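Structure file coords-v2.cif (mmCIF, C-alpha atoms) is printed below.
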```
data_structure
#
loop_
_atom_site.label_atom_id
_atom_site.label_comp_id
_atom_site.auth_asym_id
_atom_site.auth_seq_id
_atom_site.Cartn_x
_atom_site.Cartn_y
_atom_site.Cartn_z
CA MET A 290 136.39 128.68 107.93
CA THR A 291 133.74 127.19 105.65
CA TYR A 292 130.72 125.18 106.80
CA GLU A 293 128.43 122.71 105.10
CA PRO A 294 125.20 124.26 103.76
CA VAL A 295 122.00 123.27 105.56
CA LYS A 296 118.28 123.40 104.81
CA TYR A 297 116.72 122.78 108.25
CA VAL A 298 117.30 124.35 111.66
CA ILE A 299 116.73 122.86 115.13
CA PHE A 300 116.81 124.96 118.29
CA ASP A 301 117.31 123.97 121.89
CA MET A 302 115.08 126.05 124.16
CA ASP A 303 116.31 126.64 127.74
CA GLY A 304 119.30 128.96 127.86
CA LEU A 305 119.22 129.31 124.06
CA LEU A 306 115.84 130.80 123.18
CA LEU A 307 114.71 131.73 126.70
CA ASN A 308 116.53 132.78 129.86
CA SER A 309 114.82 129.97 131.76
CA GLU A 310 118.13 128.41 132.90
CA HIS A 311 118.76 131.44 135.10
CA ILE A 312 115.25 131.21 136.54
CA PHE A 313 115.83 127.54 137.37
CA ARG A 314 119.14 128.33 139.09
CA ASP A 315 117.51 130.95 141.29
CA VAL A 316 114.92 128.35 142.34
CA LEU A 317 117.61 125.73 142.94
CA ARG A 318 119.62 128.12 145.15
CA LYS A 319 116.50 128.82 147.22
CA ILE A 320 115.79 125.11 147.73
CA LEU A 321 119.41 124.25 148.51
CA THR A 322 119.46 126.93 151.20
CA ARG A 323 116.65 125.06 152.98
CA TYR A 324 118.91 122.00 153.10
CA GLY A 325 121.86 124.04 154.33
CA LYS A 326 123.70 123.53 151.03
CA SER A 327 125.59 126.01 148.86
CA TYR A 328 124.99 126.24 145.13
CA ASP A 329 127.82 124.85 142.96
CA ASN A 330 128.22 125.85 139.29
CA GLU A 331 130.16 122.67 138.50
CA ILE A 332 127.22 120.49 139.49
CA THR A 333 124.84 122.56 137.37
CA LEU A 334 127.23 122.30 134.41
CA LYS A 335 127.00 118.50 134.55
CA THR A 336 123.22 118.66 134.21
CA LEU A 337 122.75 121.29 131.49
CA GLY A 338 120.58 119.83 128.73
CA MET A 339 119.59 116.68 130.64
CA VAL A 340 115.96 115.64 131.03
CA PRO A 341 114.59 116.67 134.45
CA GLN A 342 114.58 113.13 135.88
CA GLU A 343 118.31 112.77 135.27
CA SER A 344 119.30 116.27 136.32
CA TYR A 345 117.29 116.14 139.56
CA ALA A 346 118.75 112.74 140.45
CA THR A 347 122.21 114.22 139.87
CA PHE A 348 121.46 117.13 142.20
CA ILE A 349 120.28 114.79 144.95
CA LYS A 350 123.40 112.66 144.62
CA GLU A 351 125.96 115.45 144.26
CA TYR A 352 124.55 117.64 147.02
CA LYS A 353 123.81 114.60 149.23
CA LEU A 354 120.25 115.78 149.81
CA PRO A 355 118.12 113.84 152.33
CA THR A 356 115.13 113.55 150.01
CA THR A 357 113.61 111.29 147.37
CA LEU A 358 113.42 112.07 143.67
CA SER A 359 109.64 112.50 143.82
CA GLN A 360 109.87 114.85 146.82
CA PHE A 361 112.59 116.93 145.15
CA PHE A 362 110.56 117.03 141.94
CA GLU A 363 107.63 118.50 143.85
CA GLU A 364 109.81 121.07 145.64
CA ILE A 365 111.23 122.24 142.33
CA ARG A 366 107.82 122.22 140.68
CA THR A 367 106.19 124.32 143.40
CA GLU A 368 108.82 127.06 143.13
CA LEU A 369 109.58 126.83 139.42
CA LEU A 370 106.19 126.84 137.68
CA PRO A 371 105.08 130.29 138.87
CA ALA A 372 108.48 131.75 137.93
CA LEU A 373 108.74 130.28 134.42
CA GLN A 374 105.96 132.43 133.01
CA TYR A 375 108.39 135.35 133.27
CA ALA A 376 110.98 133.74 130.96
CA GLU A 377 112.18 136.20 128.32
CA PHE A 378 113.86 135.85 124.95
CA LEU A 379 117.64 136.00 124.80
CA PRO A 380 119.38 138.49 122.45
CA GLY A 381 118.92 137.81 118.75
CA VAL A 382 116.33 135.06 119.16
CA GLU A 383 113.29 136.79 117.69
CA ARG A 384 115.31 138.29 114.83
CA LEU A 385 116.76 134.93 113.76
CA VAL A 386 113.57 132.88 114.11
CA ASN A 387 111.46 135.46 112.29
CA HIS A 388 114.07 135.66 109.53
CA LEU A 389 114.18 131.91 109.00
CA LYS A 390 110.39 131.64 109.11
CA SER A 391 109.90 134.47 106.59
CA ASN A 392 112.36 132.74 104.24
CA ASN A 393 110.54 129.40 104.50
CA ILE A 394 113.38 127.60 106.27
CA PRO A 395 111.85 124.69 108.25
CA ILE A 396 112.52 125.20 111.97
CA ALA A 397 111.83 123.04 115.02
CA ILE A 398 112.65 122.82 118.73
CA ALA A 399 114.29 119.90 120.54
CA THR A 400 114.11 120.48 124.29
CA SER A 401 114.48 118.27 127.35
CA SER A 402 111.54 120.11 128.97
CA GLY A 403 108.47 118.37 130.27
CA LYS A 404 104.96 119.35 129.13
CA GLU A 405 104.03 121.30 132.27
CA THR A 406 107.16 123.45 132.40
CA TYR A 407 107.12 123.96 128.62
CA GLU A 408 103.57 125.32 128.78
CA GLU A 409 104.54 127.80 131.50
CA LYS A 410 107.57 129.02 129.55
CA ILE A 411 105.59 129.77 126.39
CA LYS A 412 102.51 131.19 128.12
CA ARG A 413 103.32 134.77 127.12
CA HIS A 414 104.96 133.83 123.82
CA THR A 415 102.51 131.48 122.10
CA SER A 416 102.50 133.32 118.76
CA PHE A 417 106.28 133.04 118.62
CA PHE A 418 106.34 129.31 119.30
CA ASP A 419 103.60 128.74 116.74
CA LYS A 420 106.22 129.60 114.09
CA PHE A 421 107.97 126.24 114.58
CA HIS A 422 107.02 123.27 112.43
CA HIS A 423 107.16 120.96 115.46
CA ILE A 424 108.48 120.77 119.01
CA VAL A 425 109.99 117.66 120.59
CA LEU A 426 109.79 117.43 124.39
CA GLY A 427 112.52 114.91 125.11
CA SER A 428 111.46 114.02 128.64
CA ILE A 429 108.03 112.75 127.56
CA ASP A 430 108.37 111.87 123.87
CA PRO A 431 108.10 108.06 123.49
CA ASP A 432 110.47 108.07 120.50
CA VAL A 433 113.29 109.71 122.49
CA LYS A 434 114.75 106.71 124.29
CA LYS A 435 117.76 108.48 125.81
CA GLY A 436 118.22 112.12 126.76
CA LYS A 437 121.09 114.41 125.83
CA PRO A 438 124.06 113.80 125.44
CA ALA A 439 122.64 110.86 123.45
CA PRO A 440 121.66 111.90 119.88
CA ASP A 441 118.08 110.58 120.07
CA ILE A 442 116.23 113.88 120.46
CA PHE A 443 117.87 115.51 117.43
CA LEU A 444 117.43 112.45 115.22
CA VAL A 445 113.75 112.25 116.19
CA CYS A 446 113.33 115.98 115.62
CA ALA A 447 114.92 115.80 112.16
CA SER A 448 112.76 112.83 111.17
CA ARG A 449 109.61 114.89 111.72
CA PHE A 450 110.46 117.54 109.15
CA PRO A 451 108.78 117.11 105.75
CA GLY A 452 111.07 115.04 103.58
CA ASN A 453 112.83 113.35 106.53
CA PRO A 454 116.15 115.19 105.96
CA ALA A 455 119.56 113.64 106.48
CA PRO A 456 121.35 114.78 109.67
CA ARG A 457 123.94 116.69 107.62
CA GLU A 458 121.14 118.90 106.28
CA CYS A 459 120.26 120.09 109.79
CA LEU A 460 121.89 122.84 111.84
CA VAL A 461 121.45 122.77 115.62
CA PHE A 462 121.63 125.72 118.02
CA GLU A 463 122.63 124.81 121.58
CA ASP A 464 123.93 126.38 124.77
CA ALA A 465 124.92 123.28 126.78
CA PRO A 466 127.82 120.83 126.38
CA ASN A 467 125.42 117.86 126.68
CA GLY A 468 123.35 119.29 123.85
CA VAL A 469 126.39 119.94 121.67
CA GLN A 470 127.53 116.35 122.20
CA ALA A 471 124.07 115.10 121.26
CA ALA A 472 124.03 117.12 118.04
CA VAL A 473 127.53 116.03 117.04
CA SER A 474 126.68 112.40 117.78
CA ALA A 475 123.61 112.81 115.55
CA GLY A 476 125.88 113.87 112.68
CA MET A 477 124.77 117.51 112.68
CA GLN A 478 126.64 120.80 112.70
CA VAL A 479 126.01 122.77 115.86
CA VAL A 480 126.30 126.46 116.70
CA MET A 481 126.91 126.92 120.41
CA VAL A 482 125.89 130.02 122.35
CA PRO A 483 127.36 128.86 125.66
CA ASP A 484 126.25 129.75 129.12
CA SER A 485 128.88 131.84 130.87
CA LEU A 486 129.66 128.99 133.28
CA VAL A 487 130.71 126.65 130.42
CA PRO A 488 134.55 126.47 130.37
CA LEU A 489 136.48 126.81 127.11
CA GLU A 490 137.41 123.12 126.93
CA LYS A 491 133.72 122.17 126.90
CA ARG A 492 133.06 124.37 123.87
CA LYS A 493 135.50 122.66 121.50
CA LEU A 494 133.08 120.14 119.99
CA ALA A 495 130.86 122.88 118.57
CA THR A 496 131.07 123.72 114.87
CA LYS A 497 130.96 127.41 115.75
CA VAL A 498 130.76 129.31 119.06
CA LEU A 499 129.01 132.68 119.42
CA ASN A 500 128.50 135.10 122.29
CA SER A 501 124.87 135.59 121.28
CA LEU A 502 122.55 134.84 118.37
CA LEU A 503 123.02 138.45 117.27
CA GLU A 504 126.42 137.34 115.90
CA PHE A 505 125.03 134.55 113.71
CA LYS A 506 125.53 134.94 109.95
CA PRO A 507 123.05 132.65 108.18
CA GLU A 508 124.88 132.81 104.86
CA GLU A 509 127.85 130.94 106.38
CA PHE A 510 125.64 127.84 106.44
CA GLY A 511 123.97 128.43 103.08
CA LEU A 512 120.90 130.09 104.61
CA PRO A 513 119.43 133.41 103.40
CA LYS A 514 121.28 136.52 104.59
CA PHE A 515 119.64 139.01 106.90
CA ASP A 516 118.18 141.98 105.02
#
```
Same coordinates, now as C-alpha cells:
Amino acid sequence: MTYEPVKYVIFDMDGLLLNSEHIFRDVLRKILTRYGKSYDNEITLKTLGMVPQESYATFIKEYKLPTTLSQFFEEIRTELLPALQYAEFLPGVERLVNHLKSNNIPIAIATSSGKETYEEKIKRHTSFFDKFHHIVLGSIDPDVKKGKPAPDIFLVCASRFPGNPAPRECLVFEDAPNGVQAAVSAGMQVVMVPDSLVPLEKRKLATKVLNSLLEFKPEEFGLPKFD
C-alpha cells in the first residue's frame, strides 16, 4: 500500500510516547476499590484520548460513583501525580523522535493532558521533550474548543508549525480510537499503535496500524529512512 508523503509529524503522548496510560489505570483501579467497584476495560476504552474533565465525568457516570467531579478530580490527582514521574518511554519512541529531529523534520505533540500532569510526566525527560517545536495541551489550550474525537487539537497543532502546513502534509501518531478519529476528521493520515485493549474494529480508521513504533518505516510516508 502507498501513502501520501508528509513533511510534519504530530505525536500524541499518553500511551504513545509514554506508558502513562498504564500508570493511570493502576491509580483508577485503586480508587474504584475504595468505592467497591471493579475496573472495566470497556469504560476505559471509551475515554482514551479524552481531556480529563470529560473522561472523569464518564467514569463517574459509568461506574455510578457517589462523588462530584471536583472530588473525583482531587482523588485522582492525589494518587496520580506522584506516580507519573515514573513514566517511561515506549519501544521505538526515542529512536524515531531523535531520527526525525536530526533530519530537521518539524515535530510537535498534541495531548489532552493538563499542565500539572504534563509537567510530572516529563520531569525526568525534559531534554527529550525539548526536541519538539511545540506542545499543545488540549485540556487548557484556549484555541482547542473541543477535545478528541473532535479534530480541533490537531488542526491547532498543525497551525503552529512554521509555514502553517495543510492537514495533508501532517502525519499523526496515536494509540487511542478517539485520537485516530480526531486526526482523520482533521484530514490527516494517522499511524496507530493501539493499546492492547483496543478491539480490531476500532482500529480500522487508521491509515496504518503497528504493534510498536519500532515497526515504523519513515520512507513509506516520504520521510528520511533510518540509517
Residue with smallest distance to A:Ala455 - pool A:Lys514, A:Ile442, A:Phe313, A:Met477, counting all atoms listed in the file: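 Result for the nearest residue to A:Ala455: A:Met477.
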Of the listed residues A:Leu460, A:Val473, A:Leu489, A:Ile365, that which approaches A:Asp441 most closely, counting all atoms listed in the file: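 Looking only at the distances to A:Asp441, the closest residue turns out to be A:Val473.
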Counting only C-alpha atoms, the residue of A:Leu512, A:Val461, A:Val487, A:Leu494 that sits nearest A:Leu337: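 Selected residue with least distance to A:Leu337: A:Val487.
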Long-range neighbours of A:Ile394 as a VMD selection string, 7 Å cut-off, only C-alpha atoms, 4 positions minimum in chain: chain A and resid 296 to 297 389 to 390
Residue members of the PyMOL selection byres ((chain A and resi 409-411) around 8) in the file shown, as number ranges by chain: A: 309, 370-371, 373-376, 405-408, 412-415, 418
Coordinates-based distance that separates atom CA of A:Thr322 from atom CA of A:Lys350 (Å, one decimal): 16.2 Å
Between atom CA of A:Asp484 and atom CA of A:Pro431 - distance in Å to one decimal: 28.8 Å
Answer as a ChimeraX atom specification, residues within 12 Å of (117.1, 127.3, 141.6) using only C-alpha atoms: /A:309-323,327-330,333,345,348,361,364-370,372-373
Point-to-point distance from atom CA of A:Asp419 to atom CA of A:Ile398, Å rounded to tenths: 11.0 Å
Among the residues A:Asp516, A:Glu463, A:Glu458, A:Glu377, the one that comes closest to A:Asn308 [using only C-alpha atoms]: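 Among A:Asp516, A:Glu463, A:Glu458, A:Glu377, it is A:Glu377 that comes nearest to A:Asn308.
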Explicit residue set for the PyMOL selection byres ((chain A and resi 342) around 12), as a ChimeraX atom specification: /A:336,338-341,343-349,357-359,361-363,365,401-403,427-429,435-436
Residues selected by the PyMOL selection byres ((chain A and resi 425) around 7), written as a count of residues only: 9
Using only C-alpha atoms: which of A:Gly476, A:Pro488, A:Pro456, A:Gly304 has the shortest distance to A:Pro380: A:Gly304
Nearest to A:Lys491, chosen from A:Pro454, A:Gly468, A:Glu351, A:Phe300, with all atoms listed in the file counted in the distances: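 Of all the options, A:Gly468 lies closest to A:Lys491.
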Distance query A:Pro513 at most 8 Å, only C-alpha atoms, self and fewer than 5 positions along chain excluded, as a list of chain:residue names: A:Leu389, A:Asn392, A:Pro507, A:Glu508
Close residues, A:Phe450 itself excluded, 10 Å, only C-alpha atoms, min 6 positions apart in chain, as a list in words: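 Residues meeting the cut-off are Tyr297, Val298, Pro395, Ile396, Ala397, His422 and His423 of chain A.
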Exercise: A:Gln478 partners within 10 Å, only C-alpha atoms, chain neighbours under 4 positions left out, as an NGL selection string: :A and (292-295 or 456-462 or 469 or 472-474 or 494-497 or 510)
